[in-house]
file protein.cif (mmCIF, C-alpha atoms)
data_target
#
loop_
_atom_site.label_atom_id
_atom_site.label_comp_id
_atom_site.auth_asym_id
_atom_site.auth_seq_id
_atom_site.Cartn_x
_atom_site.Cartn_y
_atom_site.Cartn_z
CA VAL U 894 12.73 -33.58 6.08
CA ILE U 895 10.33 -31.61 3.89
CA THR U 896 6.95 -33.01 2.85
CA GLY U 897 3.72 -31.77 1.28
CA ALA U 898 3.43 -28.81 -1.08
CA GLU U 899 6.97 -27.55 -0.46
CA ALA U 900 8.47 -30.98 -1.30
CA ARG U 901 6.49 -31.04 -4.56
CA HIS U 902 7.67 -27.48 -5.28
CA ILE U 903 11.34 -28.42 -4.76
CA ALA U 904 11.05 -31.60 -6.84
CA ARG U 905 8.69 -30.62 -9.65
CA VAL U 906 8.92 -26.87 -10.12
CA LEU U 907 12.47 -26.08 -9.05
CA ARG U 908 13.63 -29.53 -10.30
CA HIS U 909 16.37 -29.82 -7.69
CA ARG U 910 18.67 -32.88 -7.58
CA PRO U 911 20.49 -34.59 -4.71
CA GLY U 912 23.62 -32.55 -3.94
CA ASP U 913 21.93 -29.19 -4.70
CA ARG U 914 21.98 -26.54 -1.98
CA VAL U 915 18.75 -24.79 -1.09
CA ARG U 916 17.78 -22.22 1.51
CA VAL U 917 14.72 -23.05 3.57
CA THR U 918 13.11 -21.52 6.64
CA ASP U 919 11.02 -22.97 9.44
CA GLY U 920 8.93 -19.78 9.44
CA ARG U 921 9.93 -19.17 13.06
CA GLY U 922 13.04 -17.16 12.32
CA THR U 923 15.63 -19.79 11.38
CA GLU U 924 17.01 -20.10 7.87
CA TYR U 925 18.83 -23.30 6.92
CA GLN U 926 21.20 -24.08 4.08
CA LEU U 927 20.30 -27.62 3.09
CA GLU U 928 22.34 -29.98 0.97
CA LEU U 929 19.72 -32.18 -0.61
CA ALA U 930 20.14 -35.94 -0.13
CA GLU U 931 16.92 -37.38 -1.48
CA VAL U 932 14.44 -35.59 -3.77
CA ARG U 933 11.03 -37.16 -4.26
CA HIS U 934 7.69 -35.52 -5.03
CA GLU U 935 6.24 -36.47 -1.67
CA LYS U 936 9.39 -36.12 0.44
CA VAL U 937 12.67 -34.21 0.29
CA THR U 938 15.50 -34.81 2.75
CA GLY U 939 18.72 -32.89 3.22
CA LEU U 940 21.60 -32.19 5.55
CA VAL U 941 21.79 -28.86 7.36
CA ARG U 942 25.07 -27.22 6.30
CA ALA U 943 24.47 -23.80 7.88
CA ARG U 944 21.83 -21.99 9.87
CA ALA U 945 21.12 -18.35 10.74
CA ALA U 946 18.51 -16.66 12.93
CA ASN U 947 16.09 -13.81 12.23
CA LEU U 948 17.60 -12.75 8.95
CA ARG U 949 15.86 -9.83 7.25
CA GLU U 950 13.24 -9.54 10.02
CA PRO U 951 12.06 -6.29 11.64
CA ARG U 952 13.31 -5.76 15.19
CA HIS U 953 9.79 -4.77 16.26
CA ARG U 954 6.65 -6.86 16.50
CA LEU U 955 3.74 -5.29 14.63
CA THR U 956 0.25 -6.76 14.66
CA LEU U 957 -2.17 -5.38 12.06
CA ALA U 958 -5.79 -5.70 13.15
CA LEU U 959 -7.92 -5.04 10.08
CA ALA U 960 -11.69 -5.09 9.79
CA ALA U 961 -12.90 -7.98 7.63
CA LEU U 962 -13.09 -6.33 4.19
CA LYS U 963 -14.95 -7.72 1.23
CA GLY U 964 -13.48 -9.94 -1.47
CA GLU U 965 -9.90 -9.54 -2.58
CA LYS U 966 -9.28 -6.38 -0.57
CA LEU U 967 -8.57 -8.30 2.62
CA VAL U 968 -6.27 -10.70 0.79
CA GLN U 969 -4.39 -7.83 -0.85
CA ALA U 970 -3.91 -5.96 2.43
CA CYS U 971 -2.80 -9.14 4.22
CA GLU U 972 -0.28 -9.94 1.48
CA GLN U 973 1.22 -6.46 1.37
CA ALA U 974 1.42 -6.20 5.17
CA ALA U 975 3.08 -9.64 5.33
CA GLU U 976 5.71 -8.60 2.78
CA LEU U 977 6.40 -5.37 4.66
CA GLY U 978 7.07 -7.23 7.88
CA ILE U 979 4.09 -7.64 10.24
CA SER U 980 4.25 -10.41 12.86
CA GLU U 981 0.52 -11.05 12.91
CA PHE U 982 -2.58 -10.30 10.89
CA LEU U 983 -5.76 -10.18 12.93
CA PRO U 984 -9.09 -9.74 11.14
CA PHE U 985 -11.92 -8.39 13.27
CA ARG U 986 -15.64 -7.70 13.11
CA SER U 987 -17.13 -4.37 14.13
CA GLU U 988 -20.50 -2.66 13.93
CA ARG U 989 -20.03 -1.50 10.34
CA THR U 990 -18.16 -4.58 9.09
CA ILE U 991 -20.28 -6.23 6.42
CA ALA U 992 -18.11 -9.07 5.13
CA ARG U 993 -18.19 -12.59 6.56
CA LEU U 994 -14.96 -14.46 7.15
CA SER U 995 -15.55 -18.13 6.49
CA PRO U 996 -12.97 -20.74 7.58
CA ALA U 997 -12.10 -21.07 3.87
CA ARG U 998 -11.27 -17.34 3.65
CA VAL U 999 -9.09 -17.55 6.77
CA GLU U 1000 -7.32 -20.54 5.20
CA ARG U 1001 -6.79 -18.46 2.04
CA LEU U 1002 -5.12 -15.75 4.16
CA ARG U 1003 -2.76 -18.40 5.60
CA HIS U 1004 -1.73 -19.43 2.07
CA VAL U 1005 -1.18 -15.78 1.14
CA ALA U 1006 1.05 -15.31 4.20
CA VAL U 1007 3.24 -18.25 3.10
CA SER U 1008 3.57 -16.89 -0.43
CA ALA U 1009 4.38 -13.40 0.91
CA LEU U 1010 7.06 -14.93 3.17
CA LYS U 1011 8.65 -16.58 0.15
CA SER U 1012 8.43 -13.60 -2.21
CA SER U 1013 9.79 -11.22 0.42
CA THR U 1014 12.50 -13.68 1.62
CA ARG U 1015 11.29 -13.38 5.21
CA THR U 1016 12.15 -16.03 7.80
CA VAL U 1017 9.23 -15.47 10.17
CA LEU U 1018 5.79 -16.49 8.96
CA PRO U 1019 3.21 -13.91 10.08
CA ALA U 1020 0.46 -15.51 12.15
CA ILE U 1021 -3.07 -15.22 10.78
CA GLY U 1022 -5.46 -14.87 13.69
CA GLU U 1023 -8.96 -16.29 13.85
CA PRO U 1024 -11.47 -13.44 13.34
CA VAL U 1025 -12.37 -11.70 16.60
CA ASP U 1026 -15.00 -9.20 17.67
CA LEU U 1027 -14.14 -5.80 19.13
CA SER U 1028 -14.29 -7.06 22.74
CA ALA U 1029 -11.78 -9.83 22.02
CA LEU U 1030 -9.57 -7.35 20.14
CA ILE U 1031 -9.62 -5.01 23.14
CA ARG U 1032 -8.61 -7.89 25.42
CA ARG U 1033 -5.40 -8.21 23.36
CA VAL U 1034 -4.35 -4.56 23.99
CA PRO U 1035 -2.33 -5.26 27.21
CA GLU U 1036 -0.01 -7.59 25.24
CA PHE U 1037 1.47 -4.62 23.33
CA ASP U 1038 3.73 -1.74 24.33
CA GLN U 1039 1.50 0.56 22.28
CA SER U 1040 -1.86 0.22 20.55
CA LEU U 1041 -3.01 2.64 17.85
CA VAL U 1042 -6.14 3.11 15.80
CA ALA U 1043 -6.48 5.06 12.54
CA TYR U 1044 -9.59 7.22 12.98
CA GLU U 1045 -11.03 9.35 10.21
CA GLU U 1046 -12.62 11.85 12.61
CA GLU U 1047 -9.29 12.50 14.29
CA THR U 1048 -7.82 15.78 13.11
CA GLY U 1049 -4.29 16.91 12.94
CA VAL U 1050 -2.60 14.26 15.07
CA GLY U 1051 -0.62 12.04 12.71
CA LEU U 1052 1.21 8.78 13.26
CA GLU U 1053 4.55 10.58 13.57
CA ARG U 1054 3.21 12.52 16.58
CA VAL U 1055 1.64 9.61 18.48
CA LEU U 1056 3.97 6.67 17.80
CA ASN U 1057 6.11 5.70 20.79
CA ARG U 1058 9.56 5.11 19.24
CA SER U 1059 10.68 2.96 22.14
CA ALA U 1060 7.80 0.49 21.81
CA LYS U 1061 9.01 -3.01 20.98
CA SER U 1062 5.53 -4.28 20.07
CA VAL U 1063 2.73 -2.33 18.41
CA LEU U 1064 -0.90 -3.14 17.69
CA ALA U 1065 -2.22 -1.08 14.74
CA ILE U 1066 -5.98 -1.12 14.19
CA VAL U 1067 -7.65 -0.12 10.90
CA GLY U 1068 -11.44 -0.10 10.67
CA PRO U 1069 -13.91 -1.00 7.93
CA GLU U 1070 -14.94 1.12 4.92
CA GLY U 1071 -17.76 2.70 6.90
CA GLY U 1072 -15.45 3.63 9.76
CA PHE U 1073 -15.88 3.02 13.47
CA ALA U 1074 -19.02 3.97 15.36
CA PRO U 1075 -18.26 6.73 17.93
CA GLU U 1076 -18.97 4.36 20.83
CA GLU U 1077 -16.48 1.86 19.40
CA ILE U 1078 -13.77 4.53 19.37
CA ASP U 1079 -14.73 5.40 22.96
CA ARG U 1080 -14.26 1.77 24.00
CA LEU U 1081 -10.90 1.53 22.22
CA ARG U 1082 -9.67 4.76 23.82
CA ALA U 1083 -10.88 3.65 27.26
CA ALA U 1084 -8.73 0.53 26.79
CA GLY U 1085 -5.67 2.72 26.15
CA VAL U 1086 -5.67 2.67 22.34
CA VAL U 1087 -4.37 5.95 20.87
CA SER U 1088 -6.22 7.32 17.84
CA PHE U 1089 -4.43 9.11 15.01
CA SER U 1090 -5.22 10.66 11.65
CA LEU U 1091 -4.08 9.63 8.18
CA GLY U 1092 -4.86 13.10 6.89
CA PRO U 1093 -7.87 14.84 5.37
CA ARG U 1094 -8.25 12.59 2.33
CA ARG U 1095 -10.51 9.59 2.69
CA LEU U 1096 -8.51 6.39 2.18
CA ARG U 1097 -9.97 3.02 1.31
CA ALA U 1098 -9.41 0.59 4.18
CA GLU U 1099 -6.79 -1.48 2.32
CA THR U 1100 -4.83 1.66 1.38
CA ALA U 1101 -5.02 2.85 4.99
CA ALA U 1102 -3.81 -0.56 6.22
CA VAL U 1103 -0.72 -0.67 4.00
CA SER U 1104 0.09 2.99 4.74
CA VAL U 1105 -0.09 2.37 8.49
CA VAL U 1106 2.13 -0.73 8.31
CA ALA U 1107 4.70 1.05 6.11
CA GLY U 1108 4.49 4.15 8.32
CA VAL U 1109 4.99 2.35 11.65
CA LEU U 1110 7.88 0.23 10.35
CA GLN U 1111 9.52 3.27 8.76
CA LEU U 1112 9.25 5.38 11.91
CA LEU U 1113 10.64 2.49 14.00
CA GLY U 1114 13.61 2.13 11.65
CA ASP U 1115 12.50 -1.21 10.25
CA LEU U 1116 11.99 -0.19 6.64
CA GLY U 1117 15.44 0.67 5.37
CA VAL V 766 -22.56 23.24 -16.69
CA ILE V 767 -21.79 19.53 -16.31
CA THR V 768 -22.04 17.11 -19.22
CA GLY V 769 -21.00 13.56 -20.05
CA ALA V 770 -20.53 10.76 -17.52
CA GLU V 771 -20.71 13.05 -14.47
CA ALA V 772 -24.05 14.54 -15.62
CA ARG V 773 -25.47 11.02 -16.05
CA HIS V 774 -24.12 10.11 -12.60
CA ILE V 775 -25.82 13.12 -10.97
CA ALA V 776 -29.12 12.54 -12.77
CA ARG V 777 -29.41 8.74 -12.86
CA VAL V 778 -27.40 7.33 -9.98
CA LEU V 779 -27.59 10.10 -7.38
CA ARG V 780 -31.08 11.10 -8.67
CA HIS V 781 -30.62 14.76 -7.80
CA ARG V 782 -33.42 17.30 -8.44
CA PRO V 783 -33.35 21.01 -9.21
CA GLY V 784 -32.76 22.89 -5.94
CA ASP V 785 -30.44 20.20 -4.51
CA ARG V 786 -26.97 21.28 -3.42
CA VAL V 787 -23.98 19.25 -4.60
CA ARG V 788 -20.23 19.61 -4.18
CA VAL V 789 -18.21 19.37 -7.37
CA THR V 790 -14.57 19.99 -8.23
CA ASP V 791 -12.82 21.07 -11.40
CA GLY V 792 -9.95 18.69 -10.56
CA ARG V 793 -7.57 21.67 -10.48
CA GLY V 794 -8.02 22.47 -6.82
CA THR V 795 -11.33 24.34 -6.69
CA GLU V 796 -14.39 22.87 -5.02
CA TYR V 797 -17.78 24.41 -5.77
CA GLN V 798 -21.09 24.19 -3.95
CA LEU V 799 -23.65 24.06 -6.73
CA GLU V 800 -27.36 24.67 -6.41
CA LEU V 801 -28.79 22.59 -9.23
CA ALA V 802 -31.05 24.43 -11.69
CA GLU V 803 -31.61 21.88 -14.43
CA VAL V 804 -31.00 18.12 -14.17
CA ARG V 805 -31.00 16.11 -17.40
CA HIS V 806 -29.13 12.92 -18.25
CA GLU V 807 -26.96 14.62 -20.80
CA LYS V 808 -26.59 18.01 -19.07
CA VAL V 809 -26.76 19.37 -15.54
CA THR V 810 -26.63 23.10 -14.79
CA GLY V 811 -26.35 24.86 -11.46
CA LEU V 812 -25.48 28.10 -9.72
CA VAL V 813 -22.22 28.41 -7.80
CA ARG V 814 -23.16 29.24 -4.18
CA ALA V 815 -19.67 28.85 -2.67
CA ARG V 816 -16.16 27.97 -3.71
CA ALA V 817 -12.99 26.95 -1.90
CA ALA V 818 -9.43 26.28 -3.05
CA ASN V 819 -7.11 23.30 -2.48
CA LEU V 820 -9.20 21.64 0.20
CA ARG V 821 -7.75 18.39 1.57
CA GLU V 822 -4.72 18.55 -0.76
CA PRO V 823 -1.10 17.87 0.26
CA ARG V 824 1.09 20.97 0.48
CA HIS V 825 3.82 19.16 -1.46
CA ARG V 826 3.88 17.99 -5.06
CA LEU V 827 4.79 14.31 -5.36
CA THR V 828 5.24 12.56 -8.70
CA LEU V 829 5.36 8.76 -8.60
CA ALA V 830 7.30 7.30 -11.52
CA LEU V 831 6.55 3.58 -11.59
CA ALA V 832 7.81 0.97 -14.03
CA ALA V 833 5.01 -0.38 -16.24
CA LEU V 834 3.87 -3.43 -14.24
CA LYS V 835 1.77 -6.23 -15.59
CA GLY V 836 -2.01 -6.47 -15.38
CA GLU V 837 -3.91 -5.05 -12.45
CA LYS V 838 -0.80 -4.27 -10.40
CA LEU V 839 -0.20 -0.99 -12.18
CA VAL V 840 -3.85 -0.01 -11.83
CA GLN V 841 -3.85 -0.86 -8.12
CA ALA V 842 -0.68 1.12 -7.43
CA CYS V 843 -1.97 4.12 -9.42
CA GLU V 844 -5.27 4.08 -7.55
CA GLN V 845 -3.71 3.83 -4.10
CA ALA V 846 -1.12 6.52 -4.86
CA ALA V 847 -3.86 8.80 -6.21
CA GLU V 848 -5.92 8.38 -3.01
CA LEU V 849 -2.89 9.08 -0.86
CA GLY V 850 -2.21 12.36 -2.63
CA ILE V 851 0.24 12.23 -5.53
CA SER V 852 0.15 15.05 -8.09
CA GLU V 853 1.25 12.91 -11.01
CA PHE V 854 1.63 9.26 -11.96
CA LEU V 855 4.30 8.61 -14.55
CA PRO V 856 4.71 5.07 -15.94
CA PHE V 857 8.09 4.32 -17.47
CA ARG V 858 9.89 1.60 -19.39
CA SER V 859 13.27 0.29 -18.33
CA GLU V 860 15.55 -2.58 -19.32
CA ARG V 861 13.75 -5.15 -17.19
CA THR V 862 10.22 -3.82 -17.74
CA ILE V 863 8.24 -6.51 -19.52
CA ALA V 864 4.73 -5.09 -19.71
CA ARG V 865 3.43 -3.02 -22.62
CA LEU V 866 1.37 0.09 -21.95
CA SER V 867 -1.19 0.41 -24.72
CA PRO V 868 -3.15 3.67 -25.13
CA ALA V 869 -6.16 1.74 -23.74
CA ARG V 870 -4.26 0.92 -20.55
CA VAL V 871 -3.19 4.56 -20.13
CA GLU V 872 -6.83 5.57 -20.61
CA ARG V 873 -7.79 3.03 -17.92
CA LEU V 874 -5.32 4.70 -15.53
CA ARG V 875 -7.00 8.08 -16.21
CA HIS V 876 -10.38 6.61 -15.25
CA VAL V 877 -8.88 5.14 -12.11
CA ALA V 878 -7.45 8.55 -11.17
CA VAL V 879 -10.90 10.14 -11.47
CA SER V 880 -12.49 7.45 -9.30
CA ALA V 881 -9.69 7.78 -6.71
CA LEU V 882 -10.23 11.57 -6.65
CA LYS V 883 -13.90 11.03 -5.90
CA SER V 884 -13.49 8.27 -3.30
CA SER V 885 -10.75 10.20 -1.48
CA THR V 886 -12.60 13.57 -1.76
CA ARG V 887 -9.57 15.19 -3.36
CA THR V 888 -9.91 18.39 -5.36
CA VAL V 889 -6.84 18.01 -7.57
CA LEU V 890 -6.92 15.28 -10.20
CA PRO V 891 -3.53 13.57 -10.44
CA ALA V 892 -2.09 13.78 -13.95
CA ILE V 893 -1.41 10.47 -15.68
CA GLY V 894 1.67 10.85 -17.85
CA GLU V 895 2.25 9.18 -21.18
CA PRO V 896 4.72 6.30 -20.72
CA VAL V 897 8.34 7.43 -21.01
CA ASP V 898 11.68 5.67 -21.29
CA LEU V 899 14.47 6.14 -18.77
CA SER V 900 16.11 8.97 -20.77
CA ALA V 901 12.89 10.97 -20.85
CA LEU V 902 12.34 10.27 -17.14
CA ILE V 903 15.85 11.58 -16.38
CA ARG V 904 15.10 14.75 -18.36
CA ARG V 905 12.28 15.47 -15.90
CA VAL V 906 14.60 15.40 -12.84
CA PRO V 907 15.50 19.16 -12.90
CA GLU V 908 11.80 20.04 -12.44
CA PHE V 909 11.86 18.70 -8.86
CA ASP V 910 13.47 19.91 -5.62
CA GLN V 911 14.46 16.31 -4.92
CA SER V 912 14.42 13.06 -6.88
CA LEU V 913 14.64 9.66 -5.19
CA VAL V 914 14.83 6.06 -6.36
CA ALA V 915 14.06 2.95 -4.30
CA TYR V 916 16.94 0.57 -4.97
CA GLU V 917 17.06 -2.98 -3.63
CA GLU V 918 20.86 -3.12 -3.65
CA GLU V 919 21.07 -0.04 -1.47
CA THR V 920 21.81 -0.98 2.13
CA GLY V 921 21.04 0.80 5.31
CA VAL V 922 20.08 4.22 3.96
CA GLY V 923 16.34 4.57 4.38
CA LEU V 924 13.88 7.17 3.16
CA GLU V 925 13.92 8.95 6.51
CA ARG V 926 17.67 9.57 6.12
CA VAL V 927 17.67 10.82 2.53
CA LEU V 928 14.44 12.79 2.22
CA ASN V 929 14.93 16.54 2.11
CA ARG V 930 12.17 17.86 4.40
CA SER V 931 12.27 21.30 2.84
CA ALA V 932 11.62 20.02 -0.69
CA LYS V 933 8.36 21.36 -2.10
CA SER V 934 8.32 18.91 -5.00
CA VAL V 935 9.58 15.33 -5.03
CA LEU V 936 10.00 12.76 -7.79
CA ALA V 937 9.90 9.20 -6.39
CA ILE V 938 11.00 6.43 -8.75
CA VAL V 939 10.12 2.74 -8.23
CA GLY V 940 11.49 0.14 -10.64
CA PRO V 941 10.07 -3.06 -12.13
CA GLU V 942 9.83 -6.51 -10.46
CA GLY V 943 13.27 -7.44 -11.77
CA GLY V 944 14.85 -4.28 -10.40
CA PHE V 945 17.05 -1.77 -12.18
CA ALA V 946 20.16 -2.77 -14.11
CA PRO V 947 23.31 -1.38 -12.42
CA GLU V 948 24.01 0.95 -15.36
CA GLU V 949 20.46 2.36 -15.06
CA ILE V 950 21.08 3.20 -11.40
CA ASP V 951 24.38 4.81 -12.43
CA ARG V 952 22.56 7.01 -14.97
CA LEU V 953 19.91 8.00 -12.40
CA ARG V 954 22.55 8.86 -9.81
CA ALA V 955 24.59 10.83 -12.34
CA ALA V 956 21.45 12.90 -12.96
CA GLY V 957 21.22 13.71 -9.24
CA VAL V 958 18.67 11.08 -8.21
CA VAL V 959 19.29 9.82 -4.64
CA SER V 960 18.90 6.08 -4.05
CA PHE V 961 17.47 4.69 -0.81
CA SER V 962 16.56 1.33 0.69
CA LEU V 963 13.17 -0.02 1.71
CA GLY V 964 14.85 -2.55 3.97
CA PRO V 965 16.15 -6.10 3.62
CA ARG V 966 12.86 -7.74 2.66
CA ARG V 967 12.05 -7.97 -1.03
CA LEU V 968 8.89 -5.99 -1.80
CA ARG V 969 6.73 -6.45 -4.85
CA ALA V 970 6.85 -3.30 -6.99
CA GLU V 971 3.27 -2.25 -6.16
CA THR V 972 3.89 -2.66 -2.42
CA ALA V 973 7.09 -0.65 -2.75
CA ALA V 974 5.25 2.08 -4.67
CA VAL V 975 2.49 2.54 -2.08
CA SER V 976 5.01 2.40 0.79
CA VAL V 977 7.14 5.10 -0.82
CA VAL V 978 4.17 7.40 -1.47
CA ALA V 979 2.85 6.94 2.09
CA GLY V 980 6.37 7.33 3.49
CA VAL V 981 7.22 10.55 1.62
CA LEU V 982 3.86 12.18 2.41
CA GLN V 983 4.11 11.14 6.07
CA LEU V 984 7.65 12.49 6.48
CA LEU V 985 6.63 15.76 4.79
CA GLY V 986 3.68 16.14 7.17
CA ASP V 987 1.05 15.54 4.50
CA LEU V 988 -0.47 12.36 5.89
CA GLY V 989 -2.10 13.46 9.11
#

call {"tool": "encode", "arguments": {"input": "protein.cif", "output": "structure tokens"}}
result
Amino acid sequence: VITGAEARHIARVLRHRPGDRVRVTDGRGTEYQLELAEVRHEKVTGLVRARAANLREPRHRLTLALAALKGEKLVQACEQAAELGISEFLPFRSERTIARLSPARVERLRHVAVSALKSSTRTVLPAIGEPVDLSALIRRVPEFDQSLVAYEEETGVGLERVLNRSAKSVLAIVGPEGGFAPEEIDRLRAAGVVSFSLGPRRLRAETAAVSVVAGVLQLLGDLG
Amino acid sequence: VITGAEARHIARVLRHRPGDRVRVTDGRGTEYQLELAEVRHEKVTGLVRARAANLREPRHRLTLALAALKGEKLVQACEQAAELGISEFLPFRSERTIARLSPARVERLRHVAVSALKSSTRTVLPAIGEPVDLSALIRRVPEFDQSLVAYEEETGVGLERVLNRSAKSVLAIVGPEGGFAPEEIDRLRAAGVVSFSLGPRRLRAETAAVSVVAGVLQLLGDLG
């Protein structure tokens, strides 16, 4: 049984009829082939004719923790990271983070994650975390096999050198436009987070975020 | 001697005075330390106190050939690729390319390249090519040590497998939203272009473009 926006989409936009077959996902890794029985704007029902698990999903869990950027930059980075295959998007506040993340902006990120799931044909919906501060971010570190932070003052040690290829779960942290304060990097390192360089050119935070996600997934064999 | 928009920027926005030291680049790899002598809105003059070559530039030449995407997507991809370190951005038309590239849009891309050079502190300005069709793109292939194309029908052969690590110059081709027609891929392959996969998830063209640029530069050791 499908209700809400997706029912309206099936009925009004895709104009499906009873008897049509559609592929739907629960966003938790299962894809269903449905044979539609009833198609109404507010409710669509169908019979499950086939199901498959974790199609087209990375084998590794990658959480992108990104400083709350201003305006559309955060949305853009979230969307691109969701397409590429992250499991979770976690916005955080730090000393040099200027932007506010209202509940409405977090809700917007959740919508973007759904649309990225559809456009990329993923079957797992990336979780959008509630914004956290650096202390709460650091408390998450033990959940992951490896935690990494892109640091602009780091020299010469790239992602390829530091990434642990046998990690099953990775936390990748990308700071705000103004970078991390030195004491913030000290706290991250003390918690076991490994810093790495994205090279000598200064990247905007959203470019850094997408490069890190693509880089980690590529090096782990999850991008082709 | 600096004139035009950059002179106005130095005089009006940065409000420099005679005697101040500024770093400027010719966009061809040389960075100069200038001691300003005269600062006017239409003309700034200074004495070269130091110069350095190819600071913060990748050791490899990477040309990104990207299908002409609609609206801001092309601008965004050009900007991010320019920050990351491409040498040249080459928009092209293919069978399933819908967008038009007016001279005004090409001019816009040139402005974006200049602003990406400044924000990323590069010293080489990426060239923005005039839009070409697939035949003209194929004629460029012999200029490069290796030419690659991201192809969504390719399975299991990722960038890491196909990239020639000893290539000094790489042409990376990313198609339009609708993908390449099979006969276009045949023509590219016949010209020696190697196809590779970005994985089973469907990426929007601008996400694919940034991922390919970050991936090639990372694997060649030019991203940290």

call {"tool": "residues_around", "arguments": {"input": "protein.cif", "residues": "region 967-982 of chain U", "least_positions_apart": "5", "cutoff": "9 Å", "atoms": "only C-alpha atoms", "output": "PyMOL selection string"}}
result
(chain U and resi 950-951+953-962+998+1001-1002+1005-1015+1017-1022+1098-1100+1102-1103+1106-1107+1110+1115-1116) or (chain V and resi 964+966-969+971-973+976)

call {"tool": "write_last_selection", "arguments": {"input": "protein.cif", "atoms": "C-alpha atoms", "output": "short mmCIF file (atom, residue, chain, number, x, y, z; two decimals), in the coordinates of the input"}}
result
data_model
loop_
_atom_site.label_atom_id
_atom_site.label_comp_id
_atom_site.auth_asym_id
_atom_site.auth_seq_id
_atom_site.Cartn_x
_atom_site.Cartn_y
_atom_site.Cartn_z
CA GLU U 950 13.24 -9.54 10.02
CA PRO U 951 12.06 -6.29 11.64
CA HIS U 953 9.79 -4.77 16.26
CA ARG U 954 6.65 -6.86 16.50
CA LEU U 955 3.74 -5.29 14.63
CA THR U 956 0.25 -6.76 14.66
CA LEU U 957 -2.17 -5.38 12.06
CA ALA U 958 -5.79 -5.70 13.15
CA LEU U 959 -7.92 -5.04 10.08
CA ALA U 960 -11.69 -5.09 9.79
CA ALA U 961 -12.90 -7.98 7.63
CA LEU U 962 -13.09 -6.33 4.19
CA ARG U 998 -11.27 -17.34 3.65
CA ARG U 1001 -6.79 -18.46 2.04
CA LEU U 1002 -5.12 -15.75 4.16
CA VAL U 1005 -1.18 -15.78 1.14
CA ALA U 1006 1.05 -15.31 4.20
CA VAL U 1007 3.24 -18.25 3.10
CA SER U 1008 3.57 -16.89 -0.43
CA ALA U 1009 4.38 -13.40 0.91
CA LEU U 1010 7.06 -14.93 3.17
CA LYS U 1011 8.65 -16.58 0.15
CA SER U 1012 8.43 -13.60 -2.21
CA SER U 1013 9.79 -11.22 0.42
CA THR U 1014 12.50 -13.68 1.62
CA ARG U 1015 11.29 -13.38 5.21
CA VAL U 1017 9.23 -15.47 10.17
CA LEU U 1018 5.79 -16.49 8.96
CA PRO U 1019 3.21 -13.91 10.08
CA ALA U 1020 0.46 -15.51 12.15
CA ILE U 1021 -3.07 -15.22 10.78
CA GLY U 1022 -5.46 -14.87 13.69
CA ALA U 1098 -9.41 0.59 4.18
CA GLU U 1099 -6.79 -1.48 2.32
CA THR U 1100 -4.83 1.66 1.38
CA ALA U 1102 -3.81 -0.56 6.22
CA VAL U 1103 -0.72 -0.67 4.00
CA VAL U 1106 2.13 -0.73 8.31
CA ALA U 1107 4.70 1.05 6.11
CA LEU U 1110 7.88 0.23 10.35
CA ASP U 1115 12.50 -1.21 10.25
CA LEU U 1116 11.99 -0.19 6.64
CA GLY V 964 14.85 -2.55 3.97
CA ARG V 966 12.86 -7.74 2.66
CA ARG V 967 12.05 -7.97 -1.03
CA LEU V 968 8.89 -5.99 -1.80
CA ARG V 969 6.73 -6.45 -4.85
CA GLU V 971 3.27 -2.25 -6.16
CA THR V 972 3.89 -2.66 -2.42
CA ALA V 973 7.09 -0.65 -2.75
CA SER V 976 5.01 2.40 0.79
#

call {"tool": "resolve_selection", "arguments": {"input": "protein.cif", "expression": "the PyMOL selection byres ((chain U and resi 1039) around 7)", "output": "list of chain:residue names"}}
result
U:Phe1037, U:Asp1038, U:Ser1040, U:Leu1041, U:Ala1060, U:Ser1062, U:Val1063, U:Leu1064

call {"tool": "atom_distance", "arguments": {"input": "protein.cif", "atom1": "CA of Arg1058 (chain U)", "atom2": "CA of Gly1114 (chain U)"}}
result
9.1 Å

call {"tool": "resolve_selection", "arguments": {"input": "protein.cif", "expression": "the PyMOL selection byres ((chain U and resi 910) around 8)", "output": "number ranges by chain"}}
result
U: 904, 908-909, 911-913, 929, 931-932

call {"tool": "write_last_selection", "arguments": {"input": "protein.cif", "atoms": "C-alpha atoms", "output": "PDB file, in the frame of the given file"}}
result
ATOM      1  CA  ALA U 904      11.050 -31.600  -6.840  1.00  0.00           C
ATOM      2  CA  ARG U 908      13.630 -29.530 -10.300  1.00  0.00           C
ATOM      3  CA  HIS U 909      16.370 -29.820  -7.690  1.00  0.00           C
ATOM      4  CA  PRO U 911      20.490 -34.590  -4.710  1.00  0.00           C
ATOM      5  CA  GLY U 912      23.620 -32.550  -3.940  1.00  0.00           C
ATOM      6  CA  ASP U 913      21.930 -29.190  -4.700  1.00  0.00           C
ATOM      7  CA  LEU U 929      19.720 -32.180  -0.610  1.00  0.00           C
ATOM      8  CA  GLU U 931      16.920 -37.380  -1.480  1.00  0.00           C
ATOM      9  CA  VAL U 932      14.440 -35.590  -3.770  1.00  0.00           C
TER      10      VAL U 932
END

call {"tool": "residues_near_point", "arguments": {"input": "protein.cif", "point": "(24.5, 15.5, -12.6)", "cutoff": "12 Å", "atoms": "all atoms listed in the file", "output": "list in words"}}
result
Ile903, Arg904, Val906, Pro907, Ser912, Asp951, Arg952, Leu953, Arg954, Ala955, Ala956, Gly957, Val958 and Val959 of chain V

call {"tool": "closest_residue", "arguments": {"input": "protein.cif", "among": "V:Asn819, V:Ser859, V:Ser931, V:Gln798", "to": "chain U", "atoms": "all atoms listed in the file"}}
result
V:Asn819

call {"tool": "atom_distance", "arguments": {"input": "protein.cif", "atom1": "CA of Thr896 (chain U)", "atom2": "CA of Gly939 (chain U)"}}
result
11.8 Å
